[in-house]
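Everything on this sheet refers to the single structure shown next.
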Amino acid sequence: MIAHLSRRYLFSASHRLHNPEMSTEENRATYGKCNNPHGHGHNYILEVTVSGPVDQSTGMICNLVDLDQCVESEVLSRYQLENLNTLQEFLKTVPTTENLCIEIFEILQRTFSQAHLDRVKLEETMMNSFEYAGGQELSRR
Amino acid sequence: MVYLTRKAEFAASHYYHNPAFTPEENQRIFGKCNNPNGHGHNYTLEVTVKGEVDSRSGFVVDLKQLKEIMNREVLDAMDHRFLNKEVPEFFTKIPTTENLAIAVWQRLEPKLRNARLHRVRVYETPDLFVDFYGEE
């Protein structure tokens with residue numbers, strides 16, 4: 001029997017949306033206020049969903065402690081209170097929340113092996129959020 | 001494929017009444033929602049679109065444009081309105097949350113460029129919501 005488990009985490013970071021291949025005007029037109037040269041920040045809410053068979057002896061898909069440790073060491077400690085534009089993965093890629101969501105999915109797919117990674121959801125504000133499932137269609141639930 | 005969800009809130013009133021039913025049937029089926037003077041809700045709308053991330057902008061869709069389309073097509077028409085009397089879809093259809101989700105889909109779907117509409121979710125209250133994924 002396959003079950004799905006979601007866990008939420010919070011981190012805060014700053015970014016500036018700017019593509020050096022675009023002119024000043026095009027950057028301004030594309031990104032608006034998000035192109036402000038000094039950047040701005042968000043409290044991001046990260047929701048990680050994993051799935052797998054429920055272990056008969058523990059009653060769990062995976063140990064939450066393992067998931068927390070992995071997310072903490074691989075994701076939260078990397079992004080918490082950082083300026084995203086200064087990090088290696090965003091030197092050449094614009095740190096939109098779409099790209100951050102994909103990056104976090106790929107980090108967890110590489111590093112978390114105790115259950116199948118279904119989906120990463122990243123809430124940038126209360127009013128908008130992004131989801132990535134490794135390029136797969138989201139299941140309808 | 002990345003999915004983007006944008007929320008919006010609007011307040012509107014409605015009542016449930018089917019003219020094909022007798023007054024007793026309307027009362028029995030719709031209960032207090034049949035009160036002809038209507039009642040209101042604070043609705044929360046969640047619009048989810050999907051698409052590939054544009055390699056130049058890093059966006060699936062321009063959030064500002066999506067917000068403008070949602071404002072123009074849905075909120076301007078429905079916020080602080082009596083749905084039965086002021087929104088054309090509900091001159092003939094009962095403004096249930098189901099029909100509201102379908103109406104929002106039909107208003108938004110033809111207006112979206114670059115990204116495809118994936119889901120419309122309408123919360124009537126925090127405990128009650130409807131999802132519509134288009135014709136299946």
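So you can find residues: chains in the structure tokens are A, B, ... in the order shown, residues in each start at 1, and ligands are numbered from 1 in order.
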Could you produce a table of the residues of chain A lying within 6 Å of chain B, with the nearest pair of atoms per residue and their separation in Å rounded to one decimal, using only C-alpha atoms, ordered by chain and increasing residue number, as a tab-separated table?
```
residue	atom	partner	partner_atom	distance
A:Val94	CA	B:Gly58	CA	5.8
A:Thr96	CA	B:Gly58	CA	5.8
A:Met127	CA	B:Lys7	CA	4.7
A:Asn128	CA	B:Arg6	CA	4.5
A:Ser129	CA	B:Thr5	CA	5.1
A:Phe130	CA	B:Leu4	CA	4.4
A:Glu131	CA	B:Tyr3	CA	4.9
A:Tyr132	CA	B:Val2	CA	5.1
A:Gly135	CA	B:Met1	CA	4.7
```
Which of chain A counts as helix (DSSP H, G or I) under DSSP, as a ChimeraX atom specification please?
/A:24-35,64-79,84-86,88-90,97-111
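Pairwise distance (atom CA of B:Ala12, atom CA of B:Leu83) equals 6.7 Å.
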Name the residues of chain B that fall into strand (DSSP E or B) according to DSSP on the backbone, using the chain letters and numbers of this document, as a PDB file with N, CA and C atoms, in the first residue's frame.
```
ATOM      1  N   VAL B   2       6.485  22.944 -14.931  1.00  0.00           N
ATOM      2  CA  VAL B   2       6.344  23.528 -13.598  1.00  0.00           C
ATOM      3  C   VAL B   2       4.917  24.073 -13.476  1.00  0.00           C
ATOM      4  N   TYR B   3       4.374  23.949 -12.276  1.00  0.00           N
ATOM      5  CA  TYR B   3       3.014  24.408 -12.014  1.00  0.00           C
ATOM      6  C   TYR B   3       3.070  25.658 -11.159  1.00  0.00           C
ATOM      7  N   LEU B   4       2.286  26.644 -11.504  1.00  0.00           N
ATOM      8  CA  LEU B   4       2.248  27.887 -10.744  1.00  0.00           C
ATOM      9  C   LEU B   4       0.810  28.121 -10.274  1.00  0.00           C
ATOM     10  N   THR B   5       0.672  28.440  -9.004  1.00  0.00           N
ATOM     11  CA  THR B   5      -0.668  28.702  -8.465  1.00  0.00           C
ATOM     12  C   THR B   5      -0.745  30.121  -7.933  1.00  0.00           C
ATOM     13  N   ARG B   6      -1.756  30.820  -8.367  1.00  0.00           N
ATOM     14  CA  ARG B   6      -1.984  32.191  -7.897  1.00  0.00           C
ATOM     15  C   ARG B   6      -3.336  32.244  -7.178  1.00  0.00           C
ATOM     16  N   LYS B   7      -3.332  32.840  -6.001  1.00  0.00           N
ATOM     17  CA  LYS B   7      -4.580  32.958  -5.248  1.00  0.00           C
ATOM     18  C   LYS B   7      -5.178  34.342  -5.392  1.00  0.00           C
ATOM     19  N   ALA B   8      -6.476  34.429  -5.229  1.00  0.00           N
ATOM     20  CA  ALA B   8      -7.156  35.719  -5.148  1.00  0.00           C
ATOM     21  C   ALA B   8      -8.381  35.533  -4.258  1.00  0.00           C
ATOM     22  N   GLU B   9      -8.860  36.626  -3.729  1.00  0.00           N
ATOM     23  CA  GLU B   9     -10.042  36.546  -2.871  1.00  0.00           C
ATOM     24  C   GLU B   9     -11.122  37.467  -3.412  1.00  0.00           C
ATOM     25  N   PHE B  10     -12.353  37.032  -3.291  1.00  0.00           N
ATOM     26  CA  PHE B  10     -13.459  37.923  -3.620  1.00  0.00           C
ATOM     27  C   PHE B  10     -14.653  37.590  -2.734  1.00  0.00           C
ATOM     28  N   ALA B  11     -15.507  38.577  -2.573  1.00  0.00           N
ATOM     29  CA  ALA B  11     -16.700  38.385  -1.737  1.00  0.00           C
ATOM     30  C   ALA B  11     -17.916  38.559  -2.634  1.00  0.00           C
ATOM     31  N   ALA B  12     -18.874  37.661  -2.489  1.00  0.00           N
ATOM     32  CA  ALA B  12     -20.072  37.746  -3.332  1.00  0.00           C
ATOM     33  C   ALA B  12     -21.238  37.107  -2.602  1.00  0.00           C
ATOM     34  N   SER B  13     -22.437  37.426  -3.090  1.00  0.00           N
ATOM     35  CA  SER B  13     -23.618  36.790  -2.499  1.00  0.00           C
ATOM     36  C   SER B  13     -24.319  35.949  -3.560  1.00  0.00           C
ATOM     37  N   HIS B  14     -25.141  35.037  -3.108  1.00  0.00           N
ATOM     38  CA  HIS B  14     -25.884  34.164  -4.025  1.00  0.00           C
ATOM     39  C   HIS B  14     -27.038  33.522  -3.272  1.00  0.00           C
ATOM     40  N   HIS B  39     -27.261  35.257   0.448  1.00  0.00           N
ATOM     41  CA  HIS B  39     -26.311  35.291   1.566  1.00  0.00           C
ATOM     42  C   HIS B  39     -24.929  35.323   0.934  1.00  0.00           C
ATOM     43  N   GLY B  40     -23.897  35.618   1.716  1.00  0.00           N
ATOM     44  CA  GLY B  40     -22.588  35.846   1.094  1.00  0.00           C
ATOM     45  C   GLY B  40     -21.487  34.947   1.591  1.00  0.00           C
ATOM     46  N   HIS B  41     -20.407  34.952   0.840  1.00  0.00           N
ATOM     47  CA  HIS B  41     -19.203  34.217   1.224  1.00  0.00           C
ATOM     48  C   HIS B  41     -17.973  35.052   0.877  1.00  0.00           C
ATOM     49  N   ASN B  42     -16.892  34.787   1.604  1.00  0.00           N
ATOM     50  CA  ASN B  42     -15.580  35.243   1.150  1.00  0.00           C
ATOM     51  C   ASN B  42     -14.971  34.074   0.388  1.00  0.00           C
ATOM     52  N   TYR B  43     -14.927  34.185  -0.913  1.00  0.00           N
ATOM     53  CA  TYR B  43     -14.383  33.107  -1.737  1.00  0.00           C
ATOM     54  C   TYR B  43     -12.878  33.271  -1.892  1.00  0.00           C
ATOM     55  N   THR B  44     -12.178  32.147  -1.902  1.00  0.00           N
ATOM     56  CA  THR B  44     -10.763  32.161  -2.291  1.00  0.00           C
ATOM     57  C   THR B  44     -10.632  31.371  -3.583  1.00  0.00           C
ATOM     58  N   LEU B  45     -10.002  31.997  -4.540  1.00  0.00           N
ATOM     59  CA  LEU B  45      -9.809  31.372  -5.848  1.00  0.00           C
ATOM     60  C   LEU B  45      -8.339  31.000  -5.988  1.00  0.00           C
ATOM     61  N   GLU B  46      -8.081  29.772  -6.417  1.00  0.00           N
ATOM     62  CA  GLU B  46      -6.704  29.359  -6.732  1.00  0.00           C
ATOM     63  C   GLU B  46      -6.660  28.927  -8.182  1.00  0.00           C
ATOM     64  N   VAL B  47      -5.830  29.608  -8.956  1.00  0.00           N
ATOM     65  CA  VAL B  47      -5.692  29.272 -10.371  1.00  0.00           C
ATOM     66  C   VAL B  47      -4.314  28.661 -10.578  1.00  0.00           C
ATOM     67  N   THR B  48      -4.271  27.431 -11.098  1.00  0.00           N
ATOM     68  CA  THR B  48      -2.996  26.756 -11.354  1.00  0.00           C
ATOM     69  C   THR B  48      -2.784  26.621 -12.854  1.00  0.00           C
ATOM     70  N   VAL B  49      -1.633  27.134 -13.319  1.00  0.00           N
ATOM     71  CA  VAL B  49      -1.274  26.978 -14.730  1.00  0.00           C
ATOM     72  C   VAL B  49      -0.011  26.135 -14.811  1.00  0.00           C
ATOM     73  N   LYS B  50       0.222  25.526 -15.971  1.00  0.00           N
ATOM     74  CA  LYS B  50       1.423  24.706 -16.119  1.00  0.00           C
ATOM     75  C   LYS B  50       2.119  25.035 -17.426  1.00  0.00           C
ATOM     76  N   GLY B  51       3.430  24.828 -17.424  1.00  0.00           N
ATOM     77  CA  GLY B  51       4.194  25.079 -18.644  1.00  0.00           C
ATOM     78  C   GLY B  51       5.660  24.856 -18.383  1.00  0.00           C
ATOM     79  N   ARG B  81     -20.552  41.271  -5.831  1.00  0.00           N
ATOM     80  CA  ARG B  81     -21.734  41.167  -6.697  1.00  0.00           C
ATOM     81  C   ARG B  81     -22.699  40.142  -6.123  1.00  0.00           C
ATOM     82  N   PHE B  82     -23.952  40.288  -6.550  1.00  0.00           N
ATOM     83  CA  PHE B  82     -24.960  39.269  -6.287  1.00  0.00           C
ATOM     84  C   PHE B  82     -24.921  38.352  -7.516  1.00  0.00           C
ATOM     85  N   ARG B 116      -0.687  26.713 -19.905  1.00  0.00           N
ATOM     86  CA  ARG B 116      -2.005  26.083 -19.982  1.00  0.00           C
ATOM     87  C   ARG B 116      -2.655  26.043 -18.606  1.00  0.00           C
ATOM     88  N   LEU B 117      -3.951  26.206 -18.588  1.00  0.00           N
ATOM     89  CA  LEU B 117      -4.688  26.128 -17.334  1.00  0.00           C
ATOM     90  C   LEU B 117      -4.718  24.666 -16.878  1.00  0.00           C
ATOM     91  N   HIS B 118      -4.362  24.434 -15.623  1.00  0.00           N
ATOM     92  CA  HIS B 118      -4.343  23.069 -15.090  1.00  0.00           C
ATOM     93  C   HIS B 118      -5.542  22.817 -14.175  1.00  0.00           C
ATOM     94  N   ARG B 119      -5.783  23.753 -13.287  1.00  0.00           N
ATOM     95  CA  ARG B 119      -6.847  23.533 -12.313  1.00  0.00           C
ATOM     96  C   ARG B 119      -7.410  24.869 -11.834  1.00  0.00           C
ATOM     97  N   VAL B 120      -8.711  24.901 -11.611  1.00  0.00           N
ATOM     98  CA  VAL B 120      -9.341  26.021 -10.908  1.00  0.00           C
ATOM     99  C   VAL B 120      -9.902  25.464  -9.613  1.00  0.00           C
ATOM    100  N   ARG B 121      -9.500  26.048  -8.516  1.00  0.00           N
ATOM    101  CA  ARG B 121     -10.039  25.639  -7.209  1.00  0.00           C
ATOM    102  C   ARG B 121     -10.753  26.842  -6.598  1.00  0.00           C
ATOM    103  N   VAL B 122     -11.974  26.638  -6.182  1.00  0.00           N
ATOM    104  CA  VAL B 122     -12.741  27.705  -5.529  1.00  0.00           C
ATOM    105  C   VAL B 122     -13.115  27.246  -4.126  1.00  0.00           C
ATOM    106  N   TYR B 123     -12.661  27.987  -3.141  1.00  0.00           N
ATOM    107  CA  TYR B 123     -13.081  27.759  -1.754  1.00  0.00           C
ATOM    108  C   TYR B 123     -14.286  28.633  -1.463  1.00  0.00           C
ATOM    109  N   GLU B 124     -15.382  28.005  -1.045  1.00  0.00           N
ATOM    110  CA  GLU B 124     -16.543  28.795  -0.617  1.00  0.00           C
ATOM    111  C   GLU B 124     -16.337  29.236   0.834  1.00  0.00           C
ATOM    112  N   THR B 125     -15.779  28.323   1.620  1.00  0.00           N
ATOM    113  CA  THR B 125     -15.342  28.605   2.988  1.00  0.00           C
ATOM    114  C   THR B 125     -14.020  27.838   3.123  1.00  0.00           C
ATOM    115  N   LEU B 128     -14.628  24.105   2.586  1.00  0.00           N
ATOM    116  CA  LEU B 128     -15.357  23.573   1.427  1.00  0.00           C
ATOM    117  C   LEU B 128     -14.779  24.151   0.144  1.00  0.00           C
ATOM    118  N   PHE B 129     -14.295  23.263  -0.722  1.00  0.00           N
ATOM    119  CA  PHE B 129     -13.785  23.765  -1.999  1.00  0.00           C
ATOM    120  C   PHE B 129     -14.070  22.790  -3.125  1.00  0.00           C
ATOM    121  N   VAL B 130     -14.047  23.326  -4.354  1.00  0.00           N
ATOM    122  CA  VAL B 130     -14.292  22.530  -5.560  1.00  0.00           C
ATOM    123  C   VAL B 130     -13.110  22.704  -6.504  1.00  0.00           C
ATOM    124  N   ASP B 131     -12.675  21.584  -7.110  1.00  0.00           N
ATOM    125  CA  ASP B 131     -11.627  21.605  -8.137  1.00  0.00           C
ATOM    126  C   ASP B 131     -12.237  21.301  -9.495  1.00  0.00           C
ATOM    127  N   PHE B 132     -11.825  22.054 -10.511  1.00  0.00           N
ATOM    128  CA  PHE B 132     -12.255  21.743 -11.883  1.00  0.00           C
ATOM    129  C   PHE B 132     -11.017  21.733 -12.781  1.00  0.00           C
TER     130      PHE B 132
END
```
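Taking only C-alpha atoms, the non-local environment of stretch 18-30 of chain A within 9 Å (same-chain residues fewer than 2 positions away omitted) comprises A:Arg16, A:Gly32, A:Lys33, A:Cys34, A:Asn35, A:Asn36, A:Pro37, A:Lys92, A:Thr93, A:Val94, A:Pro95, B:Arg56, B:Ser57, B:Asp62.
Pairwise distance (atom CA of A:Ile2, atom CA of A:Ser51) equals 6.6 Å.
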Can you list, as a ChimeraX atom specification, every protein, DNA or RNA residue that comes within 8 Å of stretch 3-13 of chain A when you count only C-alpha atoms, leaving out same-chain residues fewer than 4 positions away?
/A:41-54,61,76,79-84
Kindly export the residues of the current selection with C-alpha atoms, as a CSV table (one decimal), in the first residue's frame.
```csv
chain,number,residue,atom,x,y,z
A,41,GLY,CA,13.4,38.9,0.2
A,42,HIS,CA,10.7,36.4,0.8
A,43,ASN,CA,9.8,33.9,3.5
A,44,TYR,CA,9.6,30.8,1.4
A,45,ILE,CA,7.5,27.8,2.5
A,46,LEU,CA,8.8,24.6,1.2
A,47,GLU,CA,6.5,21.6,1.0
A,48,VAL,CA,8.2,18.2,0.3
A,49,THR,CA,6.1,15.2,-0.6
A,50,VAL,CA,7.5,11.7,-0.6
A,51,SER,CA,5.8,8.4,-1.1
A,52,GLY,CA,6.3,4.7,-0.6
A,53,PRO,CA,4.9,1.6,0.9
A,54,VAL,CA,4.1,1.8,4.6
A,61,ILE,CA,6.9,5.5,4.8
A,76,LEU,CA,17.7,24.9,4.4
A,79,TYR,CA,19.4,28.9,1.3
A,80,GLN,CA,18.5,30.2,4.8
A,81,LEU,CA,19.3,33.9,5.1
A,82,GLU,CA,21.3,33.9,1.8
A,83,ASN,CA,21.2,36.1,-1.3
A,84,LEU,CA,20.3,33.5,-3.9
```
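Interatomic distance, atom CA of B:Ala20 against atom CA of B:Cys33: 16.5 Å.
For the set A:Asn85, A:Thr58, A:Ser73, A:Ser139, the residue with the smallest atom-to-atom gap to A:Ile107 is A:Ser73, counting only C-alpha atoms.
Summary of the local environment: counting only C-alpha atoms, residues at most 9 Å from A:Leu108, other than itself and those fewer than 4 positions away along its chain, are Cys70, Val71, Glu74, Val75, Glu103, Ile104, Phe112, Ser113 and Leu117 of chain A.
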Counting only C-alpha atoms, what is within 8 Å of A:Ala133, bar same-chain residues fewer than 4 positions away, as a PDB file with all heavy atoms, in the first residue's frame?
```
ATOM      1  N   PHE A 105      14.127  20.370  -5.940  1.00  0.00           N
ATOM      2  CA  PHE A 105      13.712  19.005  -6.292  1.00  0.00           C
ATOM      3  C   PHE A 105      14.935  18.176  -6.669  1.00  0.00           C
ATOM      4  O   PHE A 105      15.094  17.035  -6.211  1.00  0.00           O
ATOM      5  CB  PHE A 105      12.710  19.039  -7.456  1.00  0.00           C
ATOM      6  CG  PHE A 105      12.180  17.679  -7.816  1.00  0.00           C
ATOM      7  CD1 PHE A 105      10.984  17.216  -7.277  1.00  0.00           C
ATOM      8  CD2 PHE A 105      12.871  16.836  -8.690  1.00  0.00           C
ATOM      9  CE1 PHE A 105      10.493  15.947  -7.595  1.00  0.00           C
ATOM     10  CE2 PHE A 105      12.387  15.567  -9.010  1.00  0.00           C
ATOM     11  CZ  PHE A 105      11.195  15.124  -8.458  1.00  0.00           C
ATOM     12  N   ASP A 118       8.131  12.690  -4.569  1.00  0.00           N
ATOM     13  CA  ASP A 118       7.013  12.936  -5.497  1.00  0.00           C
ATOM     14  C   ASP A 118       7.062  14.339  -6.080  1.00  0.00           C
ATOM     15  O   ASP A 118       6.882  14.540  -7.257  1.00  0.00           O
ATOM     16  CB  ASP A 118       5.673  12.861  -4.739  1.00  0.00           C
ATOM     17  CG  ASP A 118       5.184  11.446  -4.576  1.00  0.00           C
ATOM     18  OD1 ASP A 118       5.745  10.541  -5.210  1.00  0.00           O
ATOM     19  OD2 ASP A 118       4.222  11.258  -3.808  1.00  0.00           O
ATOM     20  N   ARG A 119       7.244  15.313  -5.190  1.00  0.00           N
ATOM     21  CA  ARG A 119       6.940  16.673  -5.593  1.00  0.00           C
ATOM     22  C   ARG A 119       7.559  17.657  -4.613  1.00  0.00           C
ATOM     23  O   ARG A 119       7.648  17.379  -3.415  1.00  0.00           O
ATOM     24  CB  ARG A 119       5.418  16.842  -5.563  1.00  0.00           C
ATOM     25  CG  ARG A 119       4.920  18.212  -5.885  1.00  0.00           C
ATOM     26  CD  ARG A 119       3.464  18.337  -5.501  1.00  0.00           C
ATOM     27  NE  ARG A 119       3.334  18.327  -4.037  1.00  0.00           N
ATOM     28  CZ  ARG A 119       2.545  19.164  -3.356  1.00  0.00           C
ATOM     29  NH1 ARG A 119       1.805  20.039  -3.978  1.00  0.00           N
ATOM     30  NH2 ARG A 119       2.490  19.116  -2.045  1.00  0.00           N
ATOM     31  N   VAL A 120       7.963  18.795  -5.129  1.00  0.00           N
ATOM     32  CA  VAL A 120       8.378  19.911  -4.277  1.00  0.00           C
ATOM     33  C   VAL A 120       7.457  21.085  -4.586  1.00  0.00           C
ATOM     34  O   VAL A 120       7.236  21.422  -5.751  1.00  0.00           O
ATOM     35  CB  VAL A 120       9.847  20.295  -4.553  1.00  0.00           C
ATOM     36  CG1 VAL A 120      10.175  21.669  -3.978  1.00  0.00           C
ATOM     37  CG2 VAL A 120      10.782  19.244  -3.974  1.00  0.00           C
ATOM     38  N   GLU A 137       3.612  15.066 -14.820  1.00  0.00           N
ATOM     39  CA  GLU A 137       2.322  15.685 -14.536  1.00  0.00           C
ATOM     40  C   GLU A 137       2.013  15.488 -13.053  1.00  0.00           C
ATOM     41  O   GLU A 137       2.327  14.431 -12.482  1.00  0.00           O
ATOM     42  CB  GLU A 137       1.213  14.993 -15.338  1.00  0.00           C
ATOM     43  CG  GLU A 137       1.337  15.186 -16.830  1.00  0.00           C
ATOM     44  CD  GLU A 137       0.587  16.415 -17.338  1.00  0.00           C
ATOM     45  OE1 GLU A 137      -0.392  16.814 -16.691  1.00  0.00           O
ATOM     46  OE2 GLU A 137       0.997  16.964 -18.380  1.00  0.00           O
ATOM     47  N   LEU A 138       1.384  16.473 -12.438  1.00  0.00           N
ATOM     48  CA  LEU A 138       0.963  16.316 -11.038  1.00  0.00           C
ATOM     49  C   LEU A 138      -0.235  15.389 -10.987  1.00  0.00           C
ATOM     50  O   LEU A 138      -1.116  15.471 -11.842  1.00  0.00           O
ATOM     51  CB  LEU A 138       0.550  17.661 -10.458  1.00  0.00           C
ATOM     52  CG  LEU A 138       1.644  18.648 -10.103  1.00  0.00           C
ATOM     53  CD1 LEU A 138       1.000  19.885  -9.479  1.00  0.00           C
ATOM     54  CD2 LEU A 138       2.626  18.046  -9.128  1.00  0.00           C
TER      55      LEU A 138
ATOM     56  N   MET B   1       8.189  20.647 -16.815  1.00  0.00           N
ATOM     57  CA  MET B   1       6.835  21.133 -16.510  1.00  0.00           C
ATOM     58  C   MET B   1       6.784  21.663 -15.079  1.00  0.00           C
ATOM     59  O   MET B   1       7.059  20.921 -14.144  1.00  0.00           O
ATOM     60  CB  MET B   1       5.863  19.953 -16.654  1.00  0.00           C
ATOM     61  CG  MET B   1       4.432  20.306 -16.404  1.00  0.00           C
ATOM     62  SD  MET B   1       3.645  20.940 -17.882  1.00  0.00           S
ATOM     63  CE  MET B   1       3.451  19.415 -18.803  1.00  0.00           C
ATOM     64  N   VAL B   2       6.485  22.944 -14.931  1.00  0.00           N
ATOM     65  CA  VAL B   2       6.344  23.528 -13.598  1.00  0.00           C
ATOM     66  C   VAL B   2       4.917  24.073 -13.476  1.00  0.00           C
ATOM     67  O   VAL B   2       4.354  24.575 -14.439  1.00  0.00           O
ATOM     68  CB  VAL B   2       7.392  24.638 -13.358  1.00  0.00           C
ATOM     69  CG1 VAL B   2       7.110  25.398 -12.077  1.00  0.00           C
ATOM     70  CG2 VAL B   2       8.793  24.054 -13.314  1.00  0.00           C
TER      71      VAL B   2
END
```
Non-local contacts of B:Thr92 (12 Å; only C-alpha atoms; under 6 positions in same chain excluded) as a CSV table (one decimal) with C-alpha atoms, in the first residue's frame:
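Saved file out27.csv follows:
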```csv
chain,number,residue,atom,x,y,z
B,16,TYR,CA,-29.8,28.6,-4.8
B,17,HIS,CA,-33.1,28.2,-6.6
B,18,ASN,CA,-34.2,26.2,-9.6
B,19,PRO,CA,-37.3,27.6,-11.2
B,20,ALA,CA,-38.2,24.1,-12.5
B,83,LEU,CA,-24.0,36.3,-8.5
B,84,ASN,CA,-27.6,35.4,-9.5
B,85,LYS,CA,-28.4,38.9,-10.7
B,86,GLU,CA,-25.2,40.4,-11.9
B,99,ASN,CA,-20.7,26.0,-11.3
```
